[in-house]
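K.L.:
Just dropping this structure here.
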Amino acid sequence: INAESMGVHDRSSMSVEDPAALAAAEIAYDAYRDEAQLPAVMGIISKDLSEPYSVYTYRYFIHSWPQLCFLARCGDECVGAIVCKLAMHKSGTHRGYIAMLAVDQRHRHKAIGITLVKKAIQRMAEENADEVVLEAELSNTPAIRLYEKLGFVRDKSLYRYYLKGSDASTT
């Protein structure tokens with residue numbers, strides 16, 4: 001994956017007439033560094049995901065796989081985050097798992113979600129992942145479209161998977 005395909009552009013080559021490209025260029029992507037970033041990750045994810053994760057859930061993922069957590073920033077504000085893990089699955093595969101992905105509603109349609117997923121998958125590939133899986137709420141059509149655009153395929157539905165009783169689609 002090169003920087004251009006991940007939505008990272010050289011500002012000098014953009015025209016002033018392309019506000020979407022300019023907006024995307026104003027987004028910086030960082031790997032998770034330390035506990036000081038945890039409130040930003042929790043804030044962006046808790047705002048958009050239906051599951052109420054505890055601080056212990058975040059710490060489980062982020063402390064175990066910090067290299068698989070990325071943040072998107074616009075200035076000093078966290079506008080997106082992805083939290084993943086990579087472990088041996090009972091099937092014997094080295095399985096990557098996208099646990100959480102969220103992008104601030106004001107910053108959607110700037111390829112932030114796609115870029116975060118690509119960064120996480122690239123890192124998982126560097127660590128020899130055999131596959132990457134996730135669950136998405138069936139009613140979350142934008143998320144399902146994003147994952148399908150990236151080549152994920154729906155595998156099965158999980159009836160009443162989420163706490164609020166909604167179904168999930170696994171890919």
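All residue names refer to the structure tokens as shown: chains lettered A, B, ... in order, residues numbered from 1 in each chain, ligands numbered from 1 in order.
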Pull the closest atom pair for each residue of stretch 6-122 of chain A that gets at most 10 Å from stretch 136-145 of chain A, along with the distance in Å to one decimal, counting only C-alpha atoms, ordering rows by chain and then ascending residue number, as CSV.
P.N.:
```
residue,atom,partner,partner_atom,distance
A:Leu49,CA,A:Glu137,CA,9.4
A:Ser50,CA,A:Glu137,CA,8.7
A:Ile98,CA,A:Ala136,CA,9.8
A:Ala99,CA,A:Ala136,CA,9.5
A:Met100,CA,A:Ala136,CA,9.4
A:Leu101,CA,A:Ala143,CA,9.0
A:Ala102,CA,A:Ala143,CA,9.3
A:Gly113,CA,A:Ala143,CA,8.9
```
K.L.:
Stretch 36-45 of chain A: which residues within 8 Å, counting only C-alpha atoms, same-chain residues fewer than 3 positions away excluded, as a PDB file with N, CA and C atoms, in the first residue's frame?
P.N.:
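Final output, saved to part_8.pdb:
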```pdb
ATOM      1  N   TYR A  32      -0.597   4.591  17.739  1.00  0.00           N
ATOM      2  CA  TYR A  32      -0.810   4.837  19.168  1.00  0.00           C
ATOM      3  C   TYR A  32       0.545   4.876  19.866  1.00  0.00           C
ATOM      4  N   ARG A  33       0.725   5.877  20.736  1.00  0.00           N
ATOM      5  CA  ARG A  33       2.002   6.030  21.431  1.00  0.00           C
ATOM      6  C   ARG A  33       1.946   5.637  22.898  1.00  0.00           C
ATOM      7  N   ASP A  48     -19.539   6.897  18.582  1.00  0.00           N
ATOM      8  CA  ASP A  48     -20.128   6.336  17.370  1.00  0.00           C
ATOM      9  C   ASP A  48     -20.537   4.868  17.430  1.00  0.00           C
ATOM     10  N   LEU A  49     -19.939   4.083  18.300  1.00  0.00           N
ATOM     11  CA  LEU A  49     -20.287   2.664  18.331  1.00  0.00           C
ATOM     12  C   LEU A  49     -21.400   2.408  19.337  1.00  0.00           C
ATOM     13  N   VAL A  55     -13.172   0.799  30.076  1.00  0.00           N
ATOM     14  CA  VAL A  55     -11.768   1.158  29.915  1.00  0.00           C
ATOM     15  C   VAL A  55     -10.897  -0.102  29.863  1.00  0.00           C
ATOM     16  N   TYR A  58     -10.722  -1.433  26.261  1.00  0.00           N
ATOM     17  CA  TYR A  58      -9.775  -0.642  25.471  1.00  0.00           C
ATOM     18  C   TYR A  58      -8.344  -1.020  25.841  1.00  0.00           C
ATOM     19  N   LEU A  71      -4.601   6.454  15.043  1.00  0.00           N
ATOM     20  CA  LEU A  71      -5.469   7.609  15.241  1.00  0.00           C
ATOM     21  C   LEU A  71      -5.370   8.522  14.029  1.00  0.00           C
ATOM     22  N   CYS A  78      -8.642  14.395  17.756  1.00  0.00           N
ATOM     23  CA  CYS A  78      -8.747  13.027  17.251  1.00  0.00           C
ATOM     24  C   CYS A  78     -10.073  12.908  16.521  1.00  0.00           C
ATOM     25  N   VAL A  79     -10.026  12.613  15.213  1.00  0.00           N
ATOM     26  CA  VAL A  79     -11.245  12.526  14.407  1.00  0.00           C
ATOM     27  C   VAL A  79     -11.511  11.114  13.907  1.00  0.00           C
ATOM     28  N   GLY A  80     -10.647  10.175  14.272  1.00  0.00           N
ATOM     29  CA  GLY A  80     -10.847   8.787  13.883  1.00  0.00           C
ATOM     30  C   GLY A  80      -9.884   7.887  14.623  1.00  0.00           C
ATOM     31  N   ALA A  81     -10.294   6.634  14.809  1.00  0.00           N
ATOM     32  CA  ALA A  81      -9.422   5.660  15.468  1.00  0.00           C
ATOM     33  C   ALA A  81      -9.809   4.259  15.048  1.00  0.00           C
ATOM     34  N   MET A 100     -12.599  -2.227  16.677  1.00  0.00           N
ATOM     35  CA  MET A 100     -13.311  -0.948  16.740  1.00  0.00           C
ATOM     36  C   MET A 100     -12.781  -0.011  15.658  1.00  0.00           C
ATOM     37  N   LEU A 101     -13.694   0.670  15.020  1.00  0.00           N
ATOM     38  CA  LEU A 101     -13.348   1.700  14.038  1.00  0.00           C
ATOM     39  C   LEU A 101     -14.401   2.790  14.143  1.00  0.00           C
ATOM     40  N   ALA A 102     -13.955   4.015  14.265  1.00  0.00           N
ATOM     41  CA  ALA A 102     -14.900   5.135  14.309  1.00  0.00           C
ATOM     42  C   ALA A 102     -14.263   6.366  13.682  1.00  0.00           C
ATOM     43  N   VAL A 103     -15.093   7.138  12.997  1.00  0.00           N
ATOM     44  CA  VAL A 103     -14.677   8.412  12.410  1.00  0.00           C
ATOM     45  C   VAL A 103     -15.722   9.442  12.811  1.00  0.00           C
ATOM     46  N   ASP A 104     -15.252  10.573  13.306  1.00  0.00           N
ATOM     47  CA  ASP A 104     -16.145  11.657  13.709  1.00  0.00           C
ATOM     48  C   ASP A 104     -17.047  12.015  12.537  1.00  0.00           C
TER      49      ASP A 104
END
```
K.L.:
Give the answer as one residue: which of A:Trp65, A:Tyr53, A:Tyr29, A:Phe70 has the shortest atom-to-atom distance to A:Ala87, using only C-alpha atoms?
P.N.:
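Checking each candidate against A:Ala87, we get A:Trp65 as the closest.
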K.L.:
One decimal, in Å: what's the spacing between atom CA of A:Ala120 and atom CA of A:Cys84?
P.N.:
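Taking atom CA of A:Ala120 as the start and atom CA of A:Cys84 as the end point, the length is 7.3 Å.
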K.L.:
When DSSP is applied to the backbone of this structure, which of stretch 115-155 of chain A are assigned alpha helix (DSSP H)? Write them out as a list in words.
P.N.:
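So, restricting stretch 115-155 of chain A to alpha helix (DSSP H), we get Thr115, Leu116, Val117, Lys118, Lys119, Ala120, Ile121, Gln122, Arg123, Met124, Ala125, Glu126, Thr141, Pro142, Ala143, Ile144, Arg145, Leu146, Tyr147, Glu148 and Lys149 of chain A.
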K.L.:
If you keep N, CA and C atoms, can you produce a file of those selected residues as a tab-separated table (two decimals), in the first residue's frame?
P.N.:
```tsv
chain	number	residue	atom	x	y	z
A	115	THR	N	-8.48	4.73	5.18
A	115	THR	CA	-7.05	4.87	5.45
A	115	THR	C	-6.67	4.17	6.75
A	116	LEU	N	-7.49	4.33	7.79
A	116	LEU	CA	-7.20	3.66	9.06
A	116	LEU	C	-7.22	2.14	8.89
A	117	VAL	N	-8.20	1.61	8.17
A	117	VAL	CA	-8.28	0.16	7.95
A	117	VAL	C	-7.07	-0.32	7.15
A	118	LYS	N	-6.69	0.41	6.11
A	118	LYS	CA	-5.53	0.02	5.30
A	118	LYS	C	-4.25	0.02	6.13
A	119	LYS	N	-4.09	1.02	6.99
A	119	LYS	CA	-2.90	1.07	7.85
A	119	LYS	C	-2.86	-0.14	8.78
A	120	ALA	N	-4.00	-0.47	9.37
A	120	ALA	CA	-4.06	-1.61	10.28
A	120	ALA	C	-3.79	-2.92	9.53
A	121	ILE	N	-4.40	-3.09	8.36
A	121	ILE	CA	-4.18	-4.31	7.58
A	121	ILE	C	-2.73	-4.41	7.13
A	122	GLN	N	-2.14	-3.30	6.72
A	122	GLN	CA	-0.74	-3.31	6.31
A	122	GLN	C	0.14	-3.77	7.47
A	123	ARG	N	-0.11	-3.25	8.66
A	123	ARG	CA	0.68	-3.66	9.83
A	123	ARG	C	0.46	-5.14	10.15
A	124	MET	N	-0.79	-5.60	10.04
A	124	MET	CA	-1.07	-7.02	10.27
A	124	MET	C	-0.34	-7.89	9.25
A	125	ALA	N	-0.32	-7.46	8.00
A	125	ALA	CA	0.39	-8.21	6.95
A	125	ALA	C	1.88	-8.26	7.26
A	126	GLU	N	2.44	-7.16	7.74
A	126	GLU	CA	3.85	-7.14	8.12
A	126	GLU	C	4.14	-8.12	9.26
A	141	THR	N	-25.09	0.39	7.54
A	141	THR	CA	-24.84	0.28	6.10
A	141	THR	C	-23.56	0.99	5.65
A	142	PRO	N	-23.27	2.21	6.13
A	142	PRO	CA	-22.03	2.86	5.70
A	142	PRO	C	-20.78	2.04	6.06
A	143	ALA	N	-20.76	1.44	7.23
A	143	ALA	CA	-19.60	0.63	7.63
A	143	ALA	C	-19.49	-0.61	6.75
A	144	ILE	N	-20.60	-1.26	6.51
A	144	ILE	CA	-20.58	-2.46	5.67
A	144	ILE	C	-20.11	-2.11	4.26
A	145	ARG	N	-20.57	-0.98	3.72
A	145	ARG	CA	-20.10	-0.54	2.39
A	145	ARG	C	-18.61	-0.28	2.39
A	146	LEU	N	-18.11	0.38	3.45
A	146	LEU	CA	-16.67	0.66	3.55
A	146	LEU	C	-15.88	-0.64	3.52
A	147	TYR	N	-16.28	-1.62	4.32
A	147	TYR	CA	-15.55	-2.89	4.37
A	147	TYR	C	-15.65	-3.65	3.04
A	148	GLU	N	-16.81	-3.61	2.41
A	148	GLU	CA	-16.95	-4.28	1.11
A	148	GLU	C	-16.07	-3.60	0.06
A	149	LYS	N	-15.97	-2.27	0.12
A	149	LYS	CA	-15.12	-1.53	-0.81
A	149	LYS	C	-13.66	-1.96	-0.65
```
K.L.:
Tell me, which residues of stretch 18-163 of chain A carry DSSP strand (DSSP E or B), written as number ranges by chain?
P.N.:
A: 27-31, 69-74, 77-88, 94-103, 131-137, 156-158
K.L.:
Counting only C-alpha atoms, which of A:Val83, A:Met88, A:Ala31, A:Leu150 gets nearest to A:Ala129?
P.N.:
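Answer, going by the shortest atom-to-atom distance: A:Met88.
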K.L.:
Work out how far atom CA of A:Gly96 is from atom CA of A:Ser54, in Å to one decimal.
P.N.:
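Computing it gives 21.6 Å between the two atoms.
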K.L.:
Just want the 6 Å neighbourhood of A:Tyr97, counted on only C-alpha atoms, with same-chain residues fewer than 4 positions away dropped. Output as a PyMOL selection string.
P.N.:
chain A and resi 84-85+132-134
K.L.:
Limited to N, CA and C atoms, could you put the picked residues into a file as a short mmCIF file (atom, residue, chain, number, x, y, z; two decimals), in the first residue's frame?
P.N.:
```cif
data_model
loop_
_atom_site.label_atom_id
_atom_site.label_comp_id
_atom_site.auth_asym_id
_atom_site.auth_seq_id
_atom_site.Cartn_x
_atom_site.Cartn_y
_atom_site.Cartn_z
N CYS A 84 -7.27 -2.84 16.88
CA CYS A 84 -7.26 -4.20 16.34
C CYS A 84 -6.44 -5.13 17.22
N LYS A 85 -6.48 -6.40 16.86
CA LYS A 85 -5.61 -7.37 17.51
C LYS A 85 -5.15 -8.38 16.47
N VAL A 132 -8.01 -11.37 8.07
CA VAL A 132 -8.50 -10.29 8.92
C VAL A 132 -10.02 -10.41 8.94
N VAL A 133 -10.58 -10.37 10.14
CA VAL A 133 -12.03 -10.50 10.30
C VAL A 133 -12.56 -9.34 11.14
N LEU A 134 -13.87 -9.20 11.14
CA LEU A 134 -14.54 -8.17 11.93
C LEU A 134 -16.01 -8.47 11.99
#
```
